[in-house]
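Chemist: The structure file data-v5.txt (compact mmCIF, C-alpha atoms) is provided below.
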```txt
# COMPACT_ATOMS: atom_id res chain seq x y z
CA MET A 275 0.00 0.00 0.00
CA ASP A 276 1.22 3.49 -0.85
CA GLN A 277 2.70 5.32 2.15
CA SER A 278 0.41 8.34 1.74
CA ILE A 279 -2.68 6.09 1.69
CA LEU A 280 -1.46 4.22 4.78
CA HIS A 281 -0.81 7.54 6.53
CA SER A 282 -4.35 8.73 5.79
CA PHE A 283 -5.82 5.43 7.00
CA LEU A 284 -3.95 5.70 10.29
CA PHE A 285 -4.88 9.37 10.58
CA ILE A 286 -8.62 8.67 10.18
CA PHE A 287 -8.47 5.65 12.50
CA SER A 288 -6.77 7.76 15.18
CA LEU A 289 -9.31 10.54 14.64
CA ILE A 290 -12.24 8.14 15.19
CA ALA A 291 -10.55 6.75 18.32
CA VAL A 292 -10.06 10.25 19.74
CA ILE A 293 -13.68 11.23 19.02
CA LEU A 294 -15.01 8.08 20.68
CA LEU A 295 -12.72 8.52 23.69
CA LEU A 296 -13.66 12.16 24.27
CA ILE A 297 -17.40 11.67 23.74
CA GLY A 298 -17.82 8.19 25.22
CA ARG A 299 -15.26 8.09 28.04
CA TYR A 300 -14.95 11.72 29.08
CA ARG A 301 -18.54 12.78 28.23
CA LEU A 302 -17.53 15.92 26.36
CA SER A 303 -20.10 17.61 24.14
CA PRO A 304 -20.12 16.08 20.64
CA PHE A 305 -20.31 19.59 19.17
CA ILE A 306 -17.11 20.68 20.93
CA VAL A 307 -15.31 17.43 20.07
CA LEU A 308 -16.22 17.49 16.37
CA LEU A 309 -15.35 21.18 16.04
CA LEU A 310 -11.98 20.76 17.77
CA CYS A 311 -11.24 17.75 15.57
CA ALA A 312 -12.00 19.82 12.46
CA TYR A 313 -9.42 22.40 13.61
CA ALA A 314 -6.94 19.64 14.48
CA VAL A 315 -7.27 18.04 11.04
CA GLY A 316 -6.50 21.35 9.35
CA LEU A 317 -3.50 22.09 11.56
CA LEU A 318 -1.99 18.59 11.45
CA SER A 319 -2.48 18.30 7.68
CA GLY A 320 -0.50 21.44 6.90
CA LEU A 321 -3.41 23.59 5.73
CA PRO A 322 -2.47 27.32 5.84
CA ILE A 323 -3.51 28.49 9.27
CA SER A 324 -5.29 31.55 7.86
CA ASP A 325 -7.54 29.29 5.76
CA ILE A 326 -8.72 26.96 8.53
CA THR A 327 -11.39 29.10 10.21
CA PRO A 328 -12.93 30.38 6.92
CA GLN A 329 -13.10 26.80 5.65
CA ILE A 330 -14.83 25.60 8.83
CA SER A 331 -17.20 28.57 8.83
CA ASN A 332 -18.20 27.97 5.20
CA ASP A 333 -18.83 24.26 5.80
CA MET A 334 -20.82 24.92 8.97
CA GLY A 335 -22.87 27.63 7.28
CA ARG A 336 -23.72 25.43 4.30
CA THR A 337 -24.71 22.54 6.57
CA PHE A 338 -26.82 24.80 8.79
CA GLY A 339 -28.70 26.11 5.76
CA ASP A 340 -29.48 22.55 4.70
CA VAL A 341 -30.79 21.20 8.00
CA ALA A 342 -31.99 24.01 10.31
CA LEU A 343 -35.57 24.49 9.08
CA LEU A 344 -36.10 20.78 8.49
CA ILE A 345 -35.15 19.79 12.01
CA LEU A 346 -36.92 22.71 13.70
CA PHE A 347 -40.20 22.02 11.87
CA GLY A 348 -39.94 18.30 12.61
CA VAL A 349 -39.33 18.83 16.32
CA LEU A 350 -42.13 21.41 16.57
CA LEU A 351 -44.60 19.08 14.83
CA GLY A 352 -43.71 16.29 17.24
CA ASN A 353 -44.10 18.69 20.17
CA ILE A 354 -47.60 19.69 19.02
CA LEU A 355 -48.68 16.06 18.60
CA GLU A 356 -47.33 15.25 22.03
CA LYS A 357 -48.80 18.24 23.90
CA SER A 358 -52.22 18.02 22.24
CA GLY A 359 -52.66 14.32 23.00
CA GLY A 360 -52.78 13.50 19.30
CA ALA A 361 -49.95 10.96 19.55
CA VAL A 362 -51.69 9.08 22.34
CA LEU A 363 -54.98 9.12 20.43
CA LEU A 364 -53.35 7.54 17.37
CA ALA A 365 -51.76 4.86 19.52
CA GLU A 366 -54.99 4.08 21.38
CA LYS A 367 -56.94 3.78 18.13
CA LEU A 368 -54.43 1.32 16.71
CA ILE A 369 -53.75 -0.63 19.87
CA PHE A 370 -57.32 -1.21 20.94
CA SER A 371 -58.22 -2.42 17.45
CA LEU A 372 -55.45 -5.05 17.49
CA GLY A 373 -54.61 -5.29 21.17
CA LYS A 374 -56.93 -8.09 22.26
CA ARG A 375 -55.69 -10.64 19.72
CA PHE A 376 -52.14 -9.42 18.98
CA PRO A 377 -51.03 -7.20 21.88
CA SER A 378 -47.28 -7.27 21.11
CA LEU A 379 -47.88 -6.55 17.43
CA ALA A 380 -50.19 -3.67 18.35
CA MET A 381 -47.62 -2.11 20.68
CA GLY A 382 -44.79 -2.52 18.16
CA ILE A 383 -46.74 -0.98 15.27
CA ALA A 384 -47.95 1.86 17.50
CA GLY A 385 -44.34 2.67 18.38
CA TYR A 386 -43.33 2.36 14.73
CA ILE A 387 -45.87 5.03 13.72
CA ILE A 388 -45.60 7.40 16.68
CA SER A 389 -41.80 7.69 16.50
CA ILE A 390 -41.90 9.23 13.02
CA PRO A 391 -42.83 12.67 14.42
CA VAL A 392 -42.09 12.11 18.16
CA TYR A 393 -38.74 11.26 19.78
CA CYS A 394 -38.53 7.64 20.92
CA ASP A 395 -37.90 8.65 24.55
CA SER A 396 -41.02 10.82 24.65
CA GLY A 397 -42.97 8.23 22.68
CA PHE A 398 -42.27 5.48 25.22
CA ILE A 399 -43.30 7.71 28.13
CA LEU A 400 -46.47 8.75 26.30
CA LEU A 401 -47.50 5.19 25.47
CA ASN A 402 -46.42 3.52 28.71
CA SER A 403 -49.83 3.85 30.37
CA ILE A 404 -51.43 2.20 27.32
CA ARG A 405 -48.83 -0.59 27.53
CA GLN A 406 -49.77 -1.19 31.16
CA SER A 407 -53.46 -1.22 30.32
CA ILE A 408 -52.95 -3.73 27.50
CA ALA A 409 -50.88 -5.97 29.79
CA GLN A 410 -53.67 -6.00 32.40
CA ARG A 411 -56.47 -6.58 29.89
CA THR A 412 -54.79 -9.32 27.87
CA GLN A 413 -52.59 -10.92 30.55
CA CYS A 414 -49.65 -10.49 28.15
CA ASN A 415 -46.18 -10.34 29.71
CA PRO A 416 -45.35 -6.62 30.35
CA THR A 417 -41.69 -7.09 29.44
CA SER A 418 -42.66 -8.56 26.08
CA LEU A 419 -44.81 -5.49 25.41
CA SER A 420 -41.97 -3.19 26.49
CA VAL A 421 -39.53 -4.78 24.04
CA ALA A 422 -42.10 -4.58 21.23
CA LEU A 423 -42.94 -0.93 21.95
CA GLY A 424 -39.31 0.08 22.51
CA GLY A 425 -38.19 -1.68 19.34
CA GLY A 426 -40.92 -0.12 17.20
CA LEU A 427 -40.13 3.37 18.47
CA PHE A 428 -36.40 2.80 18.00
CA ALA A 429 -36.62 1.53 14.41
CA THR A 430 -38.27 4.60 12.87
CA HIS A 431 -36.25 6.89 15.16
CA ALA A 432 -33.05 5.56 13.58
CA LEU A 433 -34.19 5.24 9.97
CA VAL A 434 -37.15 7.39 8.92
CA PRO A 435 -37.10 11.15 8.19
CA PRO A 436 -38.23 13.67 9.43
CA THR A 437 -36.67 12.41 12.68
CA PRO A 438 -33.60 14.70 13.07
CA GLY A 439 -30.89 12.03 12.73
CA PRO A 440 -32.16 10.42 9.52
CA ALA A 441 -33.24 13.80 8.10
CA ALA A 442 -29.76 15.24 8.61
CA ALA A 443 -28.06 12.11 7.24
CA THR A 444 -30.06 12.27 4.00
CA LEU A 445 -28.96 15.86 3.48
CA ILE A 446 -25.32 15.08 4.30
CA LEU A 447 -25.34 12.15 1.87
CA GLY A 448 -27.09 14.20 -0.82
CA ILE A 449 -30.20 12.09 -1.30
CA SER A 450 -33.84 13.09 -1.37
CA PRO A 451 -36.01 12.07 1.61
CA SER A 452 -38.67 11.14 -0.95
CA LEU A 453 -36.36 8.36 -2.14
CA VAL A 454 -35.41 7.34 1.39
CA ILE A 455 -38.80 7.24 3.12
CA PRO A 456 -40.41 4.17 1.44
CA TRP A 457 -37.29 2.02 1.83
CA ALA A 458 -36.55 3.28 5.34
CA MET A 459 -40.11 2.57 6.48
CA ALA A 460 -39.96 -0.95 5.01
CA LEU A 461 -36.63 -1.64 6.73
CA ALA A 462 -37.89 -0.14 10.00
CA LEU A 463 -40.99 -2.34 9.83
CA MET A 464 -38.81 -5.41 9.41
CA SER A 465 -36.71 -4.35 12.41
CA THR A 466 -39.87 -3.76 14.44
CA LEU A 467 -41.13 -7.27 13.71
CA VAL A 468 -37.77 -8.68 14.83
CA ALA A 469 -38.08 -6.85 18.17
CA ILE A 470 -41.67 -8.11 18.58
CA LEU A 471 -40.63 -11.73 17.96
CA TRP A 472 -37.62 -11.47 20.29
CA GLY A 473 -39.80 -9.97 23.04
CA LYS A 474 -42.21 -12.89 22.82
CA TRP A 475 -39.40 -15.45 22.77
CA VAL A 476 -37.00 -14.13 25.42
CA ILE A 477 -39.56 -13.93 28.27
CA ARG A 478 -39.30 -17.72 28.70
CA TRP A 479 -35.80 -17.28 30.16
CA LEU A 480 -36.17 -14.05 32.11
CA ASP A 481 -36.20 -13.86 35.90
CA GLU A 482 -38.46 -11.02 37.04
CA GLU A 483 -37.83 -11.35 40.78
CA ASP A 484 -35.62 -8.26 40.76
CA SER A 485 -38.12 -6.11 38.84
CA LEU A 486 -38.28 -2.44 39.72
CA PRO A 487 -41.52 -0.74 40.82
CA ILE A 488 -43.55 0.58 37.90
CA LYS A 489 -43.24 4.31 37.42
CA LYS A 490 -46.33 6.30 36.50
CA PRO A 491 -46.14 8.12 33.16
CA HIS A 492 -46.68 11.83 32.82
CA ALA A 493 -50.32 12.75 32.34
CA THR A 494 -51.22 13.85 28.83
CA LYS A 495 -54.29 15.76 27.79
CA ALA A 496 -56.81 13.42 26.18
CA MET A 497 -58.51 14.01 22.84
CA SER A 498 -61.88 12.86 21.63
CA GLN A 499 -61.90 9.72 19.47
CA ASN A 500 -63.72 11.78 16.82
CA ASN A 501 -60.56 13.86 16.31
CA ILE A 502 -58.42 11.03 14.94
CA TRP A 503 -57.99 12.74 11.56
CA LEU A 504 -56.76 15.92 13.22
CA ALA A 505 -53.81 13.89 14.54
CA LEU A 506 -53.29 11.79 11.43
CA VAL A 507 -53.21 14.45 8.70
CA PRO A 508 -50.13 16.36 10.02
CA ILE A 509 -48.15 13.10 9.83
CA ILE A 510 -49.44 11.75 6.52
CA LEU A 511 -49.41 15.06 4.60
CA PRO A 512 -45.63 15.75 4.82
CA LEU A 513 -44.80 12.12 3.96
CA MET A 514 -47.06 12.27 0.89
CA LEU A 515 -45.67 15.63 -0.22
CA MET A 516 -42.06 14.49 0.16
CA SER A 517 -42.88 11.45 -1.98
CA MET A 518 -44.13 13.66 -4.85
CA ALA A 519 -40.56 13.98 -6.15
CA ASN A 520 -40.74 10.32 -7.21
CA PHE A 521 -43.57 10.97 -9.68
CA GLN A 522 -43.32 12.44 -13.15
CA VAL A 523 -45.50 15.50 -13.75
CA GLU A 524 -46.02 17.91 -16.63
CA GLU A 525 -43.25 20.44 -17.06
CA LYS A 526 -45.44 23.42 -16.13
CA GLU A 527 -46.35 21.70 -12.85
CA GLN A 528 -42.84 20.45 -12.10
CA GLY A 529 -41.81 23.61 -10.28
CA TRP A 530 -44.70 23.35 -7.82
CA ALA A 531 -44.14 19.61 -7.36
CA LEU A 532 -40.48 20.18 -6.52
CA PHE A 533 -41.37 23.05 -4.19
CA LEU A 534 -43.95 21.03 -2.26
CA SER A 535 -41.75 17.93 -2.09
CA GLN A 536 -38.84 19.76 -0.50
CA PRO A 537 -38.70 18.42 3.09
CA ALA A 538 -38.79 21.77 4.88
CA ASN A 539 -41.79 22.93 2.82
CA ALA A 540 -43.61 19.63 3.30
CA LEU A 541 -43.12 19.79 7.07
CA PHE A 542 -44.21 23.43 7.14
CA LEU A 543 -47.49 22.46 5.48
CA GLY A 544 -47.79 19.65 8.01
CA LEU A 545 -47.43 22.27 10.72
CA LEU A 546 -50.19 24.37 9.15
CA ALA A 547 -52.40 21.27 9.09
CA SER A 548 -51.73 20.79 12.81
CA TRP A 549 -53.28 24.15 13.72
CA PRO A 550 -56.49 22.55 15.11
CA LEU A 551 -54.24 20.53 17.43
CA VAL A 552 -52.45 23.67 18.62
CA ARG A 553 -55.76 24.97 19.95
CA LYS A 554 -56.07 21.83 22.09
CA CYS A 555 -52.66 22.23 23.73
CA GLN A 556 -52.40 23.53 27.26
CA THR A 557 -49.30 25.51 26.26
CA GLY A 558 -49.34 28.15 23.52
CA LEU A 559 -47.62 27.96 20.15
CA THR A 560 -44.98 30.52 21.16
CA GLU A 561 -44.00 28.47 24.19
CA MET A 562 -43.89 25.23 22.17
CA LEU A 563 -41.76 26.95 19.51
CA SER A 564 -39.35 28.11 22.22
CA GLU A 565 -39.16 24.59 23.65
CA SER A 566 -38.56 23.14 20.19
CA ILE A 567 -35.75 25.61 19.43
CA HIS A 568 -34.13 24.71 22.73
CA ALA A 569 -34.52 20.99 22.05
CA CYS A 570 -33.08 21.04 18.53
CA ALA A 571 -30.36 23.69 18.98
CA MET A 572 -27.69 21.23 20.12
CA ILE A 573 -28.66 18.72 17.44
CA ILE A 574 -28.23 21.38 14.75
CA LEU A 575 -24.87 22.45 16.23
CA ILE A 576 -23.65 18.83 16.23
CA ILE A 577 -24.72 18.45 12.60
CA THR A 578 -22.92 21.63 11.53
CA ALA A 579 -19.75 20.57 13.37
CA GLY A 580 -19.95 17.19 11.63
CA GLY A 581 -20.23 19.02 8.32
CA ALA A 582 -17.16 21.08 9.18
CA LEU A 583 -15.15 17.95 10.00
CA ALA A 584 -16.21 16.21 6.80
CA GLY A 585 -15.36 19.30 4.76
CA MET A 586 -11.93 19.59 6.39
CA LEU A 587 -11.12 15.91 5.75
CA THR A 588 -12.04 16.41 2.10
CA GLN A 589 -10.14 19.69 1.77
CA THR A 590 -6.93 18.20 3.20
CA GLY A 591 -6.97 15.28 0.78
CA HIS A 592 -7.22 12.44 3.32
CA ILE A 593 -10.57 11.27 1.97
CA ALA A 594 -9.36 11.14 -1.63
CA ARG A 595 -6.34 9.04 -0.66
CA ILE A 596 -8.42 6.66 1.44
CA ALA A 597 -10.93 6.28 -1.39
CA GLU A 598 -8.09 5.07 -3.62
CA GLY A 599 -7.05 2.40 -1.13
CA LEU A 600 -10.44 1.06 -0.07
CA PRO A 601 -11.08 -2.59 -0.97
CA GLU A 602 -14.06 -2.85 -3.30
CA ASN A 603 -15.70 -5.60 -1.24
CA LEU A 604 -15.92 -3.39 1.87
CA GLY A 605 -18.89 -1.60 0.33
CA LEU A 606 -22.00 -1.36 2.47
CA VAL A 607 -20.41 -2.82 5.59
CA LEU A 608 -18.28 0.29 6.26
CA PRO A 609 -21.17 2.74 6.95
CA PHE A 610 -22.68 0.15 9.29
CA LEU A 611 -19.43 -0.40 11.18
CA ILE A 612 -18.69 3.31 11.65
CA ALA A 613 -22.21 4.07 12.90
CA ALA A 614 -22.20 0.98 15.16
CA LEU A 615 -18.86 2.01 16.62
CA PHE A 616 -20.13 5.49 17.45
CA LYS A 617 -23.46 4.21 18.79
CA THR A 618 -21.98 1.54 21.06
CA ALA A 619 -19.31 3.86 22.42
CA GLN A 620 -21.25 7.05 23.09
CA GLY A 621 -24.94 6.03 23.17
CA SER A 622 -26.69 8.59 20.98
CA THR A 623 -28.31 7.23 17.82
CA THR A 624 -28.56 10.73 16.35
CA VAL A 625 -24.85 11.50 16.93
CA ALA A 626 -23.84 8.07 15.59
CA LEU A 627 -25.84 8.47 12.39
CA ILE A 628 -24.75 12.05 11.73
CA SER A 629 -21.09 11.24 12.45
CA ALA A 630 -21.16 8.16 10.21
CA ALA A 631 -22.85 10.06 7.37
CA SER A 632 -20.33 12.91 7.63
CA MET A 633 -17.35 10.56 7.52
CA ILE A 634 -18.68 8.20 4.86
CA GLU A 635 -19.99 10.76 2.33
CA PRO A 636 -16.58 11.65 0.83
CA LEU A 637 -15.70 7.92 0.65
CA LEU A 638 -18.71 6.91 -1.44
CA PRO A 639 -16.92 7.06 -4.83
CA GLY A 640 -14.21 4.72 -3.52
CA LEU A 641 -16.86 2.34 -2.19
CA GLY A 642 -18.69 2.24 -5.51
CA LEU A 643 -21.72 3.94 -3.98
CA ASP A 644 -21.57 7.33 -5.70
CA SER A 645 -25.08 7.18 -7.18
CA GLN A 646 -28.55 7.89 -5.83
CA HIS A 647 -29.19 4.21 -5.19
CA GLY A 648 -25.72 3.72 -3.75
CA ARG A 649 -26.17 6.68 -1.41
CA LEU A 650 -29.57 5.32 -0.36
CA LEU A 651 -27.98 1.98 0.53
CA ALA A 652 -25.18 3.75 2.42
CA PHE A 653 -27.79 5.69 4.41
CA LEU A 654 -29.75 2.53 5.25
CA SER A 655 -26.54 0.75 6.28
CA ALA A 656 -25.51 3.63 8.58
CA GLY A 657 -29.06 3.83 10.00
CA CYS A 658 -28.97 0.14 10.91
CA GLY A 659 -25.53 0.61 12.45
CA SER A 660 -26.87 3.45 14.59
CA MET A 661 -29.22 0.96 16.28
CA MET A 662 -26.36 -1.25 17.52
CA VAL A 663 -26.74 -1.39 20.48
CA THR A 664 -28.77 0.40 23.15
CA HIS A 665 -27.26 -0.16 26.59
CA ALA A 666 -26.29 1.68 29.78
CA ASN A 667 -24.77 4.75 28.09
CA ASP A 668 -28.01 5.52 26.20
CA SER A 669 -30.77 7.49 27.94
CA TYR A 670 -33.37 5.54 25.97
CA PHE A 671 -32.27 2.30 27.65
CA TRP A 672 -33.06 3.81 31.03
CA VAL A 673 -36.40 5.20 29.85
CA VAL A 674 -37.46 1.72 28.68
CA THR A 675 -36.26 -0.12 31.79
CA GLN A 676 -37.40 2.40 34.40
CA PHE A 677 -40.86 3.00 32.97
CA SER A 678 -41.31 -0.73 32.34
CA GLY A 679 -40.36 -1.57 35.92
CA ILE A 680 -37.67 -4.05 34.93
CA SER A 681 -34.14 -4.34 36.27
CA PRO A 682 -31.10 -3.29 34.21
CA ALA A 683 -30.03 -6.95 33.99
CA THR A 684 -33.40 -7.88 32.49
CA GLY A 685 -33.14 -4.86 30.18
CA PHE A 686 -29.78 -6.06 28.86
CA LYS A 687 -31.14 -9.55 28.19
CA SER A 688 -34.32 -8.33 26.55
CA PHE A 689 -34.17 -4.84 25.05
CA THR A 690 -30.41 -4.53 24.42
CA ILE A 691 -30.28 -7.82 22.55
CA ALA A 692 -33.44 -6.82 20.66
CA THR A 693 -31.63 -3.73 19.31
CA LEU A 694 -28.65 -5.90 18.38
CA LEU A 695 -30.92 -8.22 16.39
CA GLN A 696 -32.69 -5.24 14.80
CA ALA A 697 -29.36 -3.82 13.60
CA LEU A 698 -28.03 -7.12 12.22
CA THR A 699 -31.32 -7.95 10.50
CA GLY A 700 -31.32 -4.52 8.88
CA LEU A 701 -27.73 -4.97 7.70
CA MET A 702 -28.57 -8.32 6.10
CA ALA A 703 -31.53 -6.73 4.31
CA VAL A 704 -29.32 -3.87 3.06
CA LEU A 705 -26.69 -6.31 1.79
CA ILE A 706 -29.39 -8.21 -0.10
CA LEU A 707 -30.60 -4.93 -1.62
CA GLY A 708 -26.99 -4.09 -2.41
CA SER A 709 -26.67 -7.22 -4.52
CA TRP A 710 -29.40 -5.72 -6.72
CA GLN A 711 -28.02 -2.15 -6.70
CA HIS A 712 -27.32 -2.14 -10.44
CA GLN A 713 -30.99 -2.87 -11.08
CA PRO A 714 -33.60 -0.07 -10.85
CA PHE A 715 -35.49 -0.06 -7.56
```
Give the structure from the file, written as structure tokens.
Modeler:
Amino acid sequence: MDQSILHSFLFIFSLIAVILLLIGRYRLSPFIVLLLCAYAVGLLSGLPISDITPQISNDMGRTFGDVALLILFGVLLGNILEKSGGAVLLAEKLIFSLGKRFPSLAMGIAGYIISIPVYCDSGFILLNSIRQSIAQRTQCNPTSLSVALGGGLFATHALVPPTPGPAAATLILGISPSLVIPWAMALALMSTLVAILWGKWVIRWLDEEDSLPIKKPHATKAMSQNNIWLALVPIILPLMLMSMANFQVEEKEQGWALFLSQPANALFLGLLASWPLVRKCQTGLTEMLSESIHACAMIILIITAGGALAGMLTQTGHIARIAEGLPENLGLVLPFLIAALFKTAQGSTTVALISAASMIEPLLPGLGLDSQHGRLLAFLSAGCGSMMVTHANDSYFWVVTQFSGISPATGFKSFTIATLLQALTGLMAVLILGSWQHQPF
């Protein structure tokens, strides 16, 4: 191997190790770590010192422009659905139609749907009282229901825009959410079913003697069953609009179709459709907007710092040299491995997915994935890697175990292994799709 290629490989490997150590071991802010690493790459690579800050500023500004509105609108829409009780209403409607005969399936599918607009942590807390009710009514094992619900929420959280992590990753990788959404939802559904099956199977070997007392969920304002469409339209409308880019339209209508299918515009129209829900919230729109800005500010900063690091690696030539030396058969496994490494070490699915997308995007030509379908597969691979695995360093693990009333040991045996199986199943599905990547999807 050429010495310059080997040097770049070692440089990137050391960079990943430093990032994981600072974020995972020393609990430093991912934004600070990624930004400092961007500066370090420029300095250590011999870039003129006067060019480093302008380069970082330009990359951060471009990334911010791509993701800011999309993430803010997505978080605000989820906040409205949560505060109005619309998310709980959707879950109740689905669960009580399936719950008596297929309680685990009902919980898993409810989580799968609710986590598209609502964070998985909030979604589990919102739906926990329904989970308890289903367990009492059907005599189904509560831990089995927890694994099904947690897995369903986790799958769409890691894979389906407009959740911030997947939404940002699609922009970083340069692919349209309209292309991503159908495949991501199919892959997330497969992962959800894996979690449901594991939850039903693993309870035979669990010892619940050390279970923790069940914690009551936060009360949420209820909505009338007649208002189901008020909660459903703000979710369905943006997904339908974003999918419009996949359809051919007359040239005079193409401009409007492209405008409406742009993710930020589609989510903004979803927000307008949620106005009847805003009137049912106990807090006003201004307060919810302020909460949403506060909630997504750090996510946006992390994304922009990731963009700065990716831009600096490209500018200094390390990415081009690595692309030359990558083995062709590494392909779709590399995005998975990078995301899995970040996820396992530091806990955040969002940080893992954004970091993996930022580092893998310049490598796509060398991996043979520099096409729309190749970038889609790279995104799906990284999304599956970002699910591997949820354990003690992830806040979501503690939400699931504490609100389910199960011990950490039981959580490791049930929910942690469920996320491992979800990730590996997703990777196998992506590899199968990858074998067809030269055929039109």
Chemist: Can you tell me how far CA of Leu551 (chain A) sits from CA of Lys357 (chain A), in Å to one decimal?
Modeler: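 A separation of 8.8 Å between them.
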Chemist: Which residue out of A:Leu608, A:Leu650, A:Ala314, A:Ala626 has the minimum interatomic distance to Ile573 (chain A) when only C-alpha atoms are used?
Modeler: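 Between A:Leu608, A:Leu650, A:Ala314, A:Ala626, the residue approaching Ile573 (chain A) most closely is A:Ala626.
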Chemist: Per residue of region 317-411 of chain A within 6 Å of region 574-587 of chain A, note the shortest atom pair and the distance in Å to one decimal, counting only C-alpha atoms, and order the rows by chain and increasing residue number, as CSV.
Modeler:
```
residue,atom,partner,partner_atom,distance
A:Ile330,CA,A:Ala582,CA,5.1
A:Asp333,CA,A:Ala582,CA,4.9
A:Met334,CA,A:Thr578,CA,4.7
A:Thr337,CA,A:Thr578,CA,5.4
A:Phe338,CA,A:Thr578,CA,5.7
```
Chemist: For Ile390 (chain A), which residue among A:Pro512, A:Ser450, A:Arg375, A:Val292 is the nearest when counting all atoms listed in the file?
Modeler: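 When distances to Ile390 (chain A) are compared using all atoms listed in the file, the smallest one comes from A:Pro512.
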Chemist: In Å, how far is it from CA of Asn501 (chain A) to CA of Ala547 (chain A)?
Modeler: 13.2 Å
Chemist: Could you work out how far CA of Ile290 (chain A) lies from CA of Asp644 (chain A), giving the answer in Å with one decimal?
Modeler: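 Between CA of Asp644 (chain A) and CA of Ile290 (chain A) the gap is 22.9 Å.
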Chemist: Give me, as a PyMOL selection string, all polymer residues having an atom no more than 9 Å from Tyr393 (chain A), counting only C-alpha atoms and skipping those fewer than 5 positions away in the same chain.
Modeler: chain A and resi 349+352+388+398+427-428+431+437
Chemist: Choose the residue, out of A:Ile691, A:Ala462, A:Leu318, A:Leu705, that has the smallest atom-to-atom separation from His592 (chain A); count only C-alpha atoms.
Modeler: A:Leu318
Chemist: Counting all atoms listed in the file, what is within 12 Å of Ile399 (chain A), bar same-chain residues fewer than 5 positions away, as a PyMOL selection string?
Modeler: chain A and resi 356+361-362+385+388-389+392-394+404-406+420+423-424+427+489-494+670+672-678
Chemist: What would the file look like if the residues just selected were written as a JSON list (two decimals), in the coordinates of the input with C-alpha atoms?
Modeler:
```
[["chain", "number", "residue", "atom", "x", "y", "z"],
["A", 356, "GLU", "CA", -47.33, 15.25, 22.03],
["A", 361, "ALA", "CA", -49.95, 10.96, 19.55],
["A", 362, "VAL", "CA", -51.69, 9.08, 22.34],
["A", 385, "GLY", "CA", -44.34, 2.67, 18.38],
["A", 388, "ILE", "CA", -45.60, 7.40, 16.68],
["A", 389, "SER", "CA", -41.80, 7.69, 16.50],
["A", 392, "VAL", "CA", -42.09, 12.11, 18.16],
["A", 393, "TYR", "CA", -38.74, 11.26, 19.78],
["A", 394, "CYS", "CA", -38.53, 7.64, 20.92],
["A", 404, "ILE", "CA", -51.43, 2.20, 27.32],
["A", 405, "ARG", "CA", -48.83, -0.59, 27.53],
["A", 406, "GLN", "CA", -49.77, -1.19, 31.16],
["A", 420, "SER", "CA", -41.97, -3.19, 26.49],
["A", 423, "LEU", "CA", -42.94, -0.93, 21.95],
["A", 424, "GLY", "CA", -39.31, 0.08, 22.51],
["A", 427, "LEU", "CA", -40.13, 3.37, 18.47],
["A", 489, "LYS", "CA", -43.24, 4.31, 37.42],
["A", 490, "LYS", "CA", -46.33, 6.30, 36.50],
["A", 491, "PRO", "CA", -46.14, 8.12, 33.16],
["A", 492, "HIS", "CA", -46.68, 11.83, 32.82],
["A", 493, "ALA", "CA", -50.32, 12.75, 32.34],
["A", 494, "THR", "CA", -51.22, 13.85, 28.83],
["A", 670, "TYR", "CA", -33.37, 5.54, 25.97],
["A", 672, "TRP", "CA", -33.06, 3.81, 31.03],
["A", 673, "VAL", "CA", -36.40, 5.20, 29.85],
["A", 674, "VAL", "CA", -37.46, 1.72, 28.68],
["A", 675, "THR", "CA", -36.26, -0.12, 31.79],
["A", 676, "GLN", "CA", -37.40, 2.40, 34.40],
["A", 677, "PHE", "CA", -40.86, 3.00, 32.97],
["A", 678, "SER", "CA", -41.31, -0.73, 32.34]]
```
Chemist: Using all atoms listed in the file, determine which residues lie at most 12 Å from Ile510 (chain A), disregarding the query and same-chain residues fewer than 5 positions distant; provide the list as a short mmCIF file (atom, residue, chain, number, x, y, z; two decimals) with C-alpha atoms, in the frame of the given file.
Modeler:
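Heads up, here's the output in result-v4.cif:
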```
data_model
loop_
_atom_site.label_atom_id
_atom_site.label_comp_id
_atom_site.auth_asym_id
_atom_site.auth_seq_id
_atom_site.Cartn_x
_atom_site.Cartn_y
_atom_site.Cartn_z
CA ILE A 387 -45.87 5.03 13.72
CA ILE A 388 -45.60 7.40 16.68
CA ILE A 390 -41.90 9.23 13.02
CA PRO A 391 -42.83 12.67 14.42
CA PRO A 436 -38.23 13.67 9.43
CA TRP A 503 -57.99 12.74 11.56
CA LEU A 504 -56.76 15.92 13.22
CA ALA A 505 -53.81 13.89 14.54
CA LEU A 515 -45.67 15.63 -0.22
CA MET A 516 -42.06 14.49 0.16
CA SER A 517 -42.88 11.45 -1.98
CA ALA A 540 -43.61 19.63 3.30
CA LEU A 541 -43.12 19.79 7.07
CA LEU A 543 -47.49 22.46 5.48
CA GLY A 544 -47.79 19.65 8.01
CA LEU A 545 -47.43 22.27 10.72
CA ALA A 547 -52.40 21.27 9.09
CA SER A 548 -51.73 20.79 12.81
#
```
Chemist: Which residues are close to Arg299 (chain A), i.e. within 12 Å by only C-alpha atoms, leaving aside same-chain residues fewer than 3 positions away? Reply as a tab-separated table (two decimals) with C-alpha atoms, in the frame of the given file.
Modeler:
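The resulting file, selection03.tsv, is reproduced below:
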```tsv
chain	number	residue	atom	x	y	z
A	291	ALA	CA	-10.55	6.75	18.32
A	292	VAL	CA	-10.06	10.25	19.74
A	293	ILE	CA	-13.68	11.23	19.02
A	294	LEU	CA	-15.01	8.08	20.68
A	295	LEU	CA	-12.72	8.52	23.69
A	296	LEU	CA	-13.66	12.16	24.27
A	302	LEU	CA	-17.53	15.92	26.36
A	303	SER	CA	-20.10	17.61	24.14
A	304	PRO	CA	-20.12	16.08	20.64
A	616	PHE	CA	-20.13	5.49	17.45
A	618	THR	CA	-21.98	1.54	21.06
A	619	ALA	CA	-19.31	3.86	22.42
A	620	GLN	CA	-21.25	7.05	23.09
A	621	GLY	CA	-24.94	6.03	23.17
A	667	ASN	CA	-24.77	4.75	28.09
```
